[in-house]
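File shown: start-v5.cif. Contents: mmCIF, N, CA and C atoms.
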data_model
loop_
_atom_site.group_PDB
_atom_site.id
_atom_site.type_symbol
_atom_site.label_atom_id
_atom_site.label_comp_id
_atom_site.auth_asym_id
_atom_site.auth_seq_id
_atom_site.Cartn_x
_atom_site.Cartn_y
_atom_site.Cartn_z
ATOM 1 N N MET J 235 54.446 92.967 25.798
ATOM 2 C CA MET J 235 54.544 94.093 26.714
ATOM 3 C C MET J 235 55.910 94.122 27.394
ATOM 4 N N SER J 236 56.416 92.958 27.777
ATOM 5 C CA SER J 236 57.690 92.885 28.468
ATOM 6 C C SER J 236 58.846 93.359 27.570
ATOM 7 N N VAL J 237 58.775 93.027 26.290
ATOM 8 C CA VAL J 237 59.812 93.444 25.364
ATOM 9 C C VAL J 237 59.802 94.962 25.227
ATOM 10 N N PHE J 238 58.624 95.541 25.183
ATOM 11 C CA PHE J 238 58.498 96.998 25.074
ATOM 12 C C PHE J 238 59.101 97.682 26.297
ATOM 13 N N VAL J 239 58.838 97.170 27.480
ATOM 14 C CA VAL J 239 59.375 97.756 28.710
ATOM 15 C C VAL J 239 60.894 97.651 28.725
ATOM 16 N N CYS J 240 61.417 96.526 28.305
ATOM 17 C CA CYS J 240 62.865 96.340 28.264
ATOM 18 C C CYS J 240 63.499 97.303 27.262
ATOM 19 N N ALA J 241 62.898 97.453 26.103
ATOM 20 C CA ALA J 241 63.436 98.362 25.086
ATOM 21 C C ALA J 241 63.349 99.816 25.561
ATOM 22 N N ALA J 242 62.251 100.178 26.188
ATOM 23 C CA ALA J 242 62.096 101.536 26.693
ATOM 24 C C ALA J 242 63.113 101.824 27.798
ATOM 25 N N SER J 243 63.375 100.849 28.634
ATOM 26 C CA SER J 243 64.366 101.011 29.701
ATOM 27 C C SER J 243 65.755 101.215 29.103
ATOM 28 N N ALA J 244 66.094 100.398 28.134
ATOM 29 C CA ALA J 244 67.406 100.532 27.490
ATOM 30 C C ALA J 244 67.535 101.883 26.794
ATOM 31 N N LEU J 245 66.482 102.330 26.147
ATOM 32 C CA LEU J 245 66.500 103.622 25.476
ATOM 33 C C LEU J 245 66.676 104.759 26.473
ATOM 34 N N SER J 246 65.975 104.678 27.598
ATOM 35 C CA SER J 246 66.100 105.754 28.587
ATOM 36 C C SER J 246 67.503 105.793 29.193
ATOM 37 N N VAL J 247 68.101 104.647 29.434
ATOM 38 C CA VAL J 247 69.466 104.607 29.952
ATOM 39 C C VAL J 247 70.432 105.182 28.922
ATOM 40 N N ALA J 248 70.242 104.827 27.660
ATOM 41 C CA ALA J 248 71.110 105.347 26.602
ATOM 42 C C ALA J 248 70.977 106.864 26.485
ATOM 43 N N ILE J 249 69.752 107.376 26.571
ATOM 44 C CA ILE J 249 69.534 108.826 26.495
ATOM 45 C C ILE J 249 70.210 109.537 27.659
ATOM 46 N N LEU J 250 70.079 108.994 28.850
ATOM 47 C CA LEU J 250 70.735 109.593 30.014
ATOM 48 C C LEU J 250 72.255 109.584 29.867
ATOM 49 N N PHE J 251 72.796 108.452 29.416
ATOM 50 C CA PHE J 251 74.247 108.344 29.268
ATOM 51 C C PHE J 251 74.760 109.328 28.229
ATOM 52 N N TYR J 252 74.147 109.381 27.062
ATOM 53 C CA TYR J 252 74.634 110.273 26.009
ATOM 54 C C TYR J 252 74.423 111.744 26.365
ATOM 55 N N SER J 253 73.381 112.054 27.115
ATOM 56 C CA SER J 253 73.196 113.432 27.585
ATOM 57 C C SER J 253 74.303 113.813 28.557
ATOM 58 N N TRP J 254 74.604 112.919 29.491
ATOM 59 C CA TRP J 254 75.680 113.184 30.444
ATOM 60 C C TRP J 254 77.015 113.306 29.737
ATOM 61 N N ARG J 255 77.278 112.426 28.763
ATOM 62 C CA ARG J 255 78.545 112.473 28.042
ATOM 63 C C ARG J 255 78.690 113.770 27.254
ATOM 64 N N SER J 256 77.609 114.240 26.661
ATOM 65 C CA SER J 256 77.632 115.498 25.924
ATOM 66 C C SER J 256 77.939 116.660 26.870
ATOM 67 N N TYR J 257 77.301 116.662 28.030
ATOM 68 C CA TYR J 257 77.557 117.705 29.021
ATOM 69 C C TYR J 257 79.007 117.669 29.490
ATOM 70 N N ALA J 258 79.514 116.478 29.787
ATOM 71 C CA ALA J 258 80.897 116.349 30.260
ATOM 72 C C ALA J 258 81.878 116.810 29.187
ATOM 73 N N GLU J 259 81.592 116.513 27.935
ATOM 74 C CA GLU J 259 82.467 116.956 26.850
ATOM 75 C C GLU J 259 82.454 118.476 26.720
ATOM 76 N N THR J 260 81.286 119.085 26.881
ATOM 77 C CA THR J 260 81.175 120.540 26.820
ATOM 78 C C THR J 260 81.983 121.192 27.940
ATOM 79 N N VAL J 261 81.886 120.650 29.124
ATOM 80 C CA VAL J 261 82.655 121.178 30.258
ATOM 81 C C VAL J 261 84.145 121.032 30.001
ATOM 82 N N GLN J 262 84.558 119.898 29.456
ATOM 83 C CA GLN J 262 85.972 119.667 29.179
ATOM 84 C C GLN J 262 86.485 120.640 28.121
ATOM 85 N N VAL J 263 85.701 120.898 27.087
ATOM 86 C CA VAL J 263 86.106 121.836 26.041
ATOM 87 C C VAL J 263 86.226 123.246 26.615
ATOM 88 N N ASN J 264 85.265 123.644 27.445
ATOM 89 C CA ASN J 264 85.319 124.976 28.052
ATOM 90 C C ASN J 264 86.530 125.118 28.976
ATOM 91 N N ASP J 265 86.844 124.077 29.728
ATOM 92 C CA ASP J 265 88.018 124.120 30.603
ATOM 93 C C ASP J 265 89.298 124.235 29.785
ATOM 94 N N LYS J 266 89.360 123.504 28.676
ATOM 95 C CA LYS J 266 90.549 123.567 27.824
ATOM 96 C C LYS J 266 90.715 124.969 27.236
ATOM 97 N N LYS J 267 89.616 125.575 26.798
ATOM 98 C CA LYS J 267 89.686 126.941 26.268
ATOM 99 C C LYS J 267 90.195 127.908 27.325
ATOM 100 N N MET J 268 89.689 127.771 28.543
ATOM 101 C CA MET J 268 90.107 128.662 29.624
ATOM 102 C C MET J 268 91.591 128.477 29.932
ATOM 103 N N ARG J 269 92.070 127.229 29.996
ATOM 104 C CA ARG J 269 93.491 126.992 30.246
ATOM 105 C C ARG J 269 94.358 127.577 29.142
ATOM 106 N N GLU J 270 93.910 127.449 27.884
ATOM 107 C CA GLU J 270 94.680 128.015 26.771
ATOM 108 C C GLU J 270 94.720 129.540 26.857
ATOM 109 N N ARG J 271 93.623 130.160 27.229
ATOM 110 C CA ARG J 271 93.592 131.619 27.348
ATOM 111 C C ARG J 271 94.488 132.108 28.478
ATOM 112 N N VAL J 272 94.445 131.424 29.610
ATOM 113 C CA VAL J 272 95.296 131.813 30.734
ATOM 114 C C VAL J 272 96.764 131.609 30.376
ATOM 115 N N THR J 273 97.060 130.510 29.698
ATOM 116 C CA THR J 273 98.435 130.256 29.265
ATOM 117 C C THR J 273 98.920 131.358 28.341
ATOM 118 N N PHE J 274 98.095 131.756 27.397
ATOM 119 C CA PHE J 274 98.472 132.826 26.470
ATOM 120 C C PHE J 274 98.670 134.144 27.211
ATOM 121 N N MET J 275 97.788 134.441 28.157
ATOM 122 C CA MET J 275 97.908 135.671 28.924
ATOM 123 C C MET J 275 99.228 135.699 29.713
ATOM 124 N N LEU J 276 99.552 134.587 30.366
ATOM 125 C CA LEU J 276 100.798 134.521 31.123
ATOM 126 C C LEU J 276 102.010 134.574 30.201
ATOM 127 N N TRP J 277 101.918 133.947 29.052
ATOM 128 C CA TRP J 277 103.026 133.952 28.099
ATOM 129 C C TRP J 277 103.302 135.373 27.601
ATOM 130 N N THR J 278 102.249 136.090 27.232
ATOM 131 C CA THR J 278 102.440 137.450 26.739
ATOM 132 C C THR J 278 102.923 138.370 27.854
ATOM 133 N N ALA J 279 102.430 138.178 29.074
ATOM 134 C CA ALA J 279 102.879 139.012 30.196
ATOM 135 C C ALA J 279 104.349 138.748 30.505
ATOM 136 N N ALA J 280 104.791 137.509 30.378
ATOM 137 C CA ALA J 280 106.188 137.179 30.678
ATOM 138 C C ALA J 280 107.130 137.678 29.592
ATOM 139 N N ASN J 281 106.661 137.738 28.365
ATOM 140 C CA ASN J 281 107.526 138.146 27.260
ATOM 141 C C ASN J 281 107.507 139.651 26.997
ATOM 142 N N ASN J 282 106.615 140.367 27.630
ATOM 143 C CA ASN J 282 106.538 141.820 27.471
ATOM 144 C C ASN J 282 106.608 142.495 28.841
ATOM 145 N N PRO J 283 107.779 142.482 29.481
ATOM 146 C CA PRO J 283 107.858 143.100 30.812
ATOM 147 C C PRO J 283 107.682 144.617 30.710
ATOM 148 N N PRO J 284 107.115 145.241 31.731
ATOM 149 C CA PRO J 284 106.940 146.690 31.696
ATOM 150 C C PRO J 284 108.302 147.401 31.773
ATOM 151 N N GLU J 285 108.346 148.612 31.310
ATOM 152 C CA GLU J 285 109.577 149.400 31.369
ATOM 153 C C GLU J 285 109.892 149.715 32.834
ATOM 154 N N PRO J 286 111.160 149.865 33.158
ATOM 155 C CA PRO J 286 111.518 150.195 34.540
ATOM 156 C C PRO J 286 110.885 151.516 34.963
ATOM 157 N N GLY J 287 110.238 151.538 36.086
ATOM 158 C CA GLY J 287 109.608 152.733 36.607
ATOM 159 C C GLY J 287 108.230 153.006 36.063
ATOM 160 N N ALA J 288 107.724 152.159 35.173
ATOM 161 C CA ALA J 288 106.407 152.394 34.574
ATOM 162 C C ALA J 288 105.303 152.225 35.617
ATOM 163 N N LEU J 289 105.482 151.310 36.553
ATOM 164 C CA LEU J 289 104.463 151.108 37.573
ATOM 165 C C LEU J 289 104.472 152.235 38.601
ATOM 166 N N ALA J 290 105.626 152.808 38.859
ATOM 167 C CA ALA J 290 105.731 153.885 39.846
ATOM 168 C C ALA J 290 105.086 155.172 39.315
ATOM 169 N N LYS J 291 105.076 155.362 37.997
ATOM 170 C CA LYS J 291 104.494 156.569 37.403
ATOM 171 C C LYS J 291 102.972 156.539 37.407
ATOM 172 N N SER J 292 102.392 155.380 37.464
ATOM 173 C CA SER J 292 100.927 155.253 37.359
ATOM 174 C C SER J 292 100.224 155.787 38.550
#

Would it be possible to restate this file's structure as structure tokens?
Amino acid sequence: MSVFVCAASALSVAILFYSWRSYAETVQVNDKKMRERVTFMLWTAANNPPEPGALAKS
């Protein structure tokens, strides 16, 4: 019985750890995607300035 309890405890800790690690990896991937998108948006905005007076006409 004691061996079963020890094995079940180790399994539950492993499940919790790998679940947390999977979640943390998902968050990290989503953050990286967002940073890449913002970087691309800023890059395109910096390389394509509006024509002079285009904002005043709007």

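Counting from atom CA of J:Val247, the distance to atom CA of J:Val263 is 24.3 Å.
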
Could you tell me how far atom C of J:Ala248 sits from atom C of J:Ser236, in Å to one decimal place?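 It comes out at 18.2 Å.
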
Please indicate the distance in Å from atom N of J:Phe251 to atom N of J:Met268, rounded to one decimal place.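 Atom N of J:Met268 lies 25.7 Å from atom N of J:Phe251.
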